[in-house]
$ cat target.csv   # CSV, C-alpha atoms
chain,number,residue,atom,x,y,z
A,639,MET,CA,-24.3,36.7,153.9
A,640,LEU,CA,-28.0,36.7,153.8
A,641,PRO,CA,-29.4,40.2,153.6
A,642,GLY,CA,-32.0,41.3,156.1
A,643,GLU,CA,-35.7,40.8,155.3
A,644,ASN,CA,-36.2,44.5,154.7
A,645,ILE,CA,-33.4,44.5,152.0
A,646,ARG,CA,-34.8,41.4,150.4
A,647,SER,CA,-38.4,42.6,150.4
A,648,THR,CA,-37.4,46.0,148.9
A,649,ALA,CA,-35.4,44.2,146.2
A,650,ASP,CA,-38.3,41.8,145.5
A,651,ARG,CA,-40.8,44.6,145.2
A,652,TRP,CA,-38.5,46.4,142.8
A,653,VAL,CA,-38.0,43.3,140.6
A,654,GLU,CA,-41.8,42.8,140.6
A,655,ASN,CA,-42.4,46.5,139.5
A,656,HIS,CA,-39.5,47.0,137.1
A,657,LEU,CA,-38.4,43.7,135.5
A,658,HIS,CA,-40.0,40.9,133.6
A,659,ARG,CA,-38.9,37.3,133.8
A,660,PRO,CA,-36.9,35.8,132.6
A,661,TYR,CA,-34.3,38.5,133.3
A,662,LEU,CA,-30.5,38.6,133.0
A,663,ALA,CA,-28.7,40.1,136.0
A,664,LEU,CA,-25.3,41.6,135.5
A,665,HIS,CA,-22.6,43.1,137.6
A,666,VAL,CA,-20.6,45.4,135.4
A,667,ARG,CA,-17.7,46.8,137.4
A,668,ARG,CA,-16.1,49.9,136.0
A,669,GLY,CA,-14.3,52.7,138.0
A,670,ASP,CA,-10.9,51.6,139.4
A,671,PHE,CA,-11.1,48.2,137.6
A,672,VAL,CA,-11.0,49.9,134.2
A,673,ALA,CA,-8.6,52.7,135.2
A,674,TYR,CA,-5.9,50.7,136.9
A,675,ALA,CA,-6.8,47.9,139.3
A,676,ARG,CA,-8.0,45.2,136.8
A,677,LYS,CA,-7.3,46.6,133.4
A,678,ASP,CA,-6.0,43.2,132.2
A,679,THR,CA,-9.3,41.4,132.9
A,680,THR,CA,-12.0,44.0,132.7
A,681,PRO,CA,-13.6,44.2,129.2
A,682,GLU,CA,-14.3,47.4,127.3
A,683,LEU,CA,-17.9,48.6,127.5
A,684,GLU,CA,-18.4,47.7,123.8
A,685,ASN,CA,-17.5,44.0,124.6
A,686,VAL,CA,-20.0,44.0,127.5
A,687,GLY,CA,-22.7,45.3,125.1
A,688,ARG,CA,-22.0,42.6,122.6
A,689,THR,CA,-22.1,40.0,125.3
A,690,ILE,CA,-25.5,41.3,126.6
A,691,ASN,CA,-27.0,41.3,123.1
A,692,ALA,CA,-25.7,37.7,122.5
A,693,LEU,CA,-27.2,36.5,125.8
A,694,VAL,CA,-30.5,38.2,125.2
A,695,LYS,CA,-30.8,36.7,121.8
A,696,GLU,CA,-29.8,33.2,122.9
A,697,HIS,CA,-32.0,33.0,126.0
A,698,GLN,CA,-34.8,35.4,125.1
A,699,PHE,CA,-34.5,37.5,128.3
A,700,LYS,CA,-37.3,40.0,128.7
A,701,SER,CA,-35.3,42.3,131.0
A,702,VAL,CA,-31.7,43.0,131.7
A,703,PHE,CA,-30.7,44.4,135.1
A,704,VAL,CA,-27.3,46.0,135.5
A,705,ALA,CA,-25.7,46.6,138.9
A,706,THR,CA,-22.7,48.9,138.3
A,707,ASP,CA,-20.5,51.7,139.5
A,708,ALA,CA,-20.4,53.1,135.9
A,709,THR,CA,-20.4,56.8,135.2
A,710,LYS,CA,-23.5,58.5,133.9
A,711,ASP,CA,-22.1,58.4,130.4
A,712,GLU,CA,-21.3,54.7,130.6
A,713,LYS,CA,-24.8,54.0,131.9
A,714,VAL,CA,-26.2,55.9,128.9
A,715,ALA,CA,-24.0,53.8,126.6
A,716,LEU,CA,-25.3,50.6,128.2
A,717,SER,CA,-28.9,51.8,128.0
A,718,GLN,CA,-28.4,52.4,124.2
A,719,ILE,CA,-27.3,48.8,123.8
A,720,SER,CA,-30.8,47.5,124.4
A,721,PRO,CA,-34.1,49.0,125.4
A,722,ILE,CA,-34.5,46.3,128.1
A,723,VAL,CA,-31.4,47.3,130.1
A,724,THR,CA,-32.3,48.9,133.4
A,725,PHE,CA,-30.6,50.1,136.6
A,726,PHE,CA,-31.6,50.6,140.2
A,727,ARG,CA,-31.9,54.4,140.3
A,728,TYR,CA,-33.1,55.0,143.8
A,729,ASP,CA,-31.3,56.5,146.8
A,730,LEU,CA,-32.2,54.5,149.9
A,731,GLY,CA,-30.2,56.8,152.1
A,732,HIS,CA,-26.9,54.9,152.2
A,733,PRO,CA,-24.7,53.5,149.4
A,734,GLY,CA,-24.3,50.2,151.3
A,735,VAL,CA,-28.1,49.7,151.4
A,736,ASN,CA,-28.4,50.4,147.7
A,737,ALA,CA,-25.5,47.9,147.0
A,738,LEU,CA,-27.3,45.2,149.1
A,739,VAL,CA,-30.6,45.7,147.2
A,740,GLU,CA,-28.7,45.5,143.8
A,741,GLN,CA,-26.9,42.3,145.0
A,742,TRP,CA,-30.2,40.7,145.9
A,743,VAL,CA,-31.8,41.7,142.6
A,744,CYS,CA,-28.9,39.9,140.9
A,745,ALA,CA,-29.0,36.9,143.3
A,746,VAL,CA,-32.6,36.1,142.3
A,747,GLY,CA,-32.2,36.8,138.6
A,748,ASP,CA,-32.7,34.0,136.1
A,749,HIS,CA,-29.1,34.1,134.9
A,750,PHE,CA,-26.1,36.0,136.3
A,751,VAL,CA,-22.9,37.3,134.7
A,752,GLY,CA,-20.4,39.1,136.9
A,753,THR,CA,-17.0,40.9,136.7
A,754,LYS,CA,-13.9,38.7,137.1
A,755,THR,CA,-12.2,39.1,140.5
A,756,SER,CA,-14.9,41.4,141.9
A,757,ARG,CA,-15.9,40.7,145.5
A,758,PHE,CA,-19.4,42.2,144.7
A,759,SER,CA,-19.9,39.6,142.0
A,760,LEU,CA,-18.5,36.8,144.2
A,761,ASN,CA,-21.0,37.7,146.9
A,762,ILE,CA,-23.9,37.4,144.4
A,763,GLN,CA,-22.5,34.1,143.0
A,764,GLU,CA,-22.2,32.6,146.5
A,765,GLU,CA,-25.7,33.6,147.4
A,766,ARG,CA,-27.1,32.1,144.2
A,767,ASP,CA,-25.2,28.9,145.0
A,768,LEU,CA,-26.8,28.8,148.4
A,769,ILE,CA,-30.2,29.5,147.0
A,770,GLY,CA,-29.7,26.6,144.5
A,771,PHE,CA,-29.3,28.1,141.1
A,772,PRO,CA,-27.4,25.9,138.6
A,773,SER,CA,-23.7,26.7,138.2
A,774,ASN,CA,-24.0,27.4,134.5
A,775,LYS,CA,-26.4,30.2,135.3
A,776,THR,CA,-24.3,31.6,138.2
A,777,TRP,CA,-20.6,31.2,137.8
A,778,ASN,CA,-20.0,33.4,134.7
A,779,HIS,CA,-18.1,36.5,134.1
A,780,PHE,CA,-17.5,38.9,131.2
A,781,CYS,CA,-14.5,37.9,129.1
A,782,LYS,CA,-11.8,40.5,128.4
A,783,GLU,CA,-11.5,39.6,124.7
A,784,GLU,CA,-14.6,37.5,123.8
A,785,THR,CA,-17.5,39.6,122.6
A,786,HIS,CA,-20.2,37.0,122.0
A,787,ARG,CA,-20.2,34.8,125.1
A,788,THR,CA,-19.3,34.7,128.8
A,789,CYS,CA,-16.4,33.0,130.5
A,790,GLU,CA,-17.3,30.5,133.1
A,791,LYS,CA,-15.2,30.5,136.2
A,792,GLN,CA,-14.9,27.5,138.5
A,793,ASN,CA,-16.5,27.8,141.9
A,794,TRP,CA,-13.7,27.6,144.4
A,795,TYR,CA,-16.0,26.0,146.9
A,796,THR,CA,-19.0,23.8,146.7
A,797,PHE,CA,-21.7,25.1,149.0
A,798,GLU,CA,-24.1,22.7,150.7
A,799,LYS,CA,-27.7,23.6,150.8
A,800,SER,CA,-28.0,26.0,153.7
A,801,PRO,CA,-30.6,25.1,156.4
A,802,ILE,CA,-31.2,28.7,157.2
A,803,ARG,CA,-32.0,29.4,153.6
A,804,VAL,CA,-34.4,26.5,153.5
A,805,LEU,CA,-36.2,28.0,156.5
A,806,LYS,CA,-36.2,31.5,154.9
A,807,TYR,CA,-37.1,30.5,151.3
A,808,GLY,CA,-38.9,27.2,151.7
A,809,HIS,CA,-37.8,24.5,149.3
A,810,LEU,CA,-36.9,26.4,146.1
A,811,LEU,CA,-35.9,23.2,144.4
A,812,GLU,CA,-38.3,20.5,145.2
A,813,GLN,CA,-36.8,18.3,142.5
A,814,GLU,CA,-33.4,18.2,140.8
A,815,SER,CA,-33.0,21.0,138.2
A,816,SER,CA,-31.7,20.2,134.8
A,817,LYS,CA,-28.9,22.4,133.5
A,818,ASP,CA,-31.5,24.4,131.5
A,819,SER,CA,-34.1,24.9,134.2
A,820,VAL,CA,-34.0,27.8,136.6
A,821,PRO,CA,-35.5,27.8,140.1
A,822,LYS,CA,-38.2,30.4,140.5
A,823,PRO,CA,-37.8,32.0,143.9
A,824,ARG,CA,-41.1,32.5,145.6
A,825,LYS,CA,-42.1,35.8,147.2
A,826,LEU,CA,-40.4,36.1,150.5
A,827,LEU,CA,-43.2,38.1,152.2
A,828,ASP,CA,-46.9,37.6,151.8
A,829,GLU,CA,-47.5,41.4,151.2
A,830,LEU,CA,-45.3,41.5,148.1

$ encode --input "target.csv" --output "structure tokens"
Amino acid sequence: MLPGENIRSTADRWVENHLHRPYLALHVRRGDFVAYARKDTTPELENVGRTINALVKEHQFKSVFVATDATKDEKVALSQISPIVTFFRYDLGHPGVNALVEQWVCAVGDHFVGTKTSRFSLNIQEERDLIGFPSNKTWNHFCKEETHRTCEKQNWYTFEKSPIRVLKYGHLLEQESSKDSVPKPRKLLDEL
């Protein structure tokens, strides 16, 4: 589902003012996933931290954005992992609006890692697919046991390039991308 223009422009301005490219975008689901719903697949926070450090070192990310439902203490712990970890800390008046802004920040990140079986992560991955990001920079999730890499999950459906997204974004990928290149989404509004 393509977020409205106001959501996208808010997210784009936030990225421009708070993150530096290339940036790693993450969805770190905590709450009920850790407590009871997905205990078998959700990694401990320490494993998430080790994975973040490994990815930053490997890809030389300049910023790390974390979309999460973590507690304040968990956010402090994640912030202590690396000085380049940041969160969206604004109240836009409704939690759903905040969630959509965070999803868009993740959707246009240079690399994305999500939480296994999370619908929030899946929405981001589907949007990235429709935008045209390479699968190896999109369909990843945190592994329960592994602490130095991500686990790639198979995309259950191959998306065709969306005509509406071509109209909205222009041609993000004028030429075929290699596995190592990342499309650079252009600004969606002239005033950004």

$ closest_residue --input "target.csv" --among "A:Gly669, A:Pro733, A:Pro772, A:Pro641" --to "Asp748 in chain A" --atoms "all atoms listed in the file"
A:Pro772

$ closest_residue --input "target.csv" --among "A:Lys782, A:Leu662, A:Arg766, A:Leu760" --to "Lys695 in chain A" --atoms "all atoms listed in the file"
A:Leu662

$ atom_distance --input "target.csv" --atom1 "CA of Asp767 in chain A" --atom2 "CA of Val751 in chain A"
13.5 Å

$ closest_residue --input "target.csv" --among "A:Phe699, A:Val686, A:Val739, A:Thr706" --to "His779 in chain A" --atoms "only C-alpha atoms"
A:Val686

$ closest_residue --input "target.csv" --among "A:Thr788, A:Ser647, A:Ser720, A:Asn691" --to "Thr753 in chain A" --atoms "all atoms listed in the file"
A:Thr788

$ atom_distance --input "target.csv" --atom1 "CA of Trp777 in chain A" --atom2 "CA of His732 in chain A"
28.4 Å

$ atom_distance --input "target.csv" --atom1 "CA of Leu664 in chain A" --atom2 "CA of Glu682 in chain A"
14.9 Å

$ closest_residue --input "target.csv" --among "A:Arg757, A:Trp652, A:Arg659, A:Val694" --to "Tyr728 in chain A" --atoms "only C-alpha atoms"
A:Trp652

$ closest_residue --input "target.csv" --among "A:His665, A:Arg688, A:Arg646, A:Arg651" --to "Phe725 in chain A" --atoms "only C-alpha atoms"
A:His665

$ residues_around --input "target.csv" --residues "Glu684 in chain A" --least-positions-apart "3" --cutoff "10 Å" --atoms "all atoms listed in the file" --output "PyMOL selection string"
chain A and resi 681+687-690+715-716+719+785
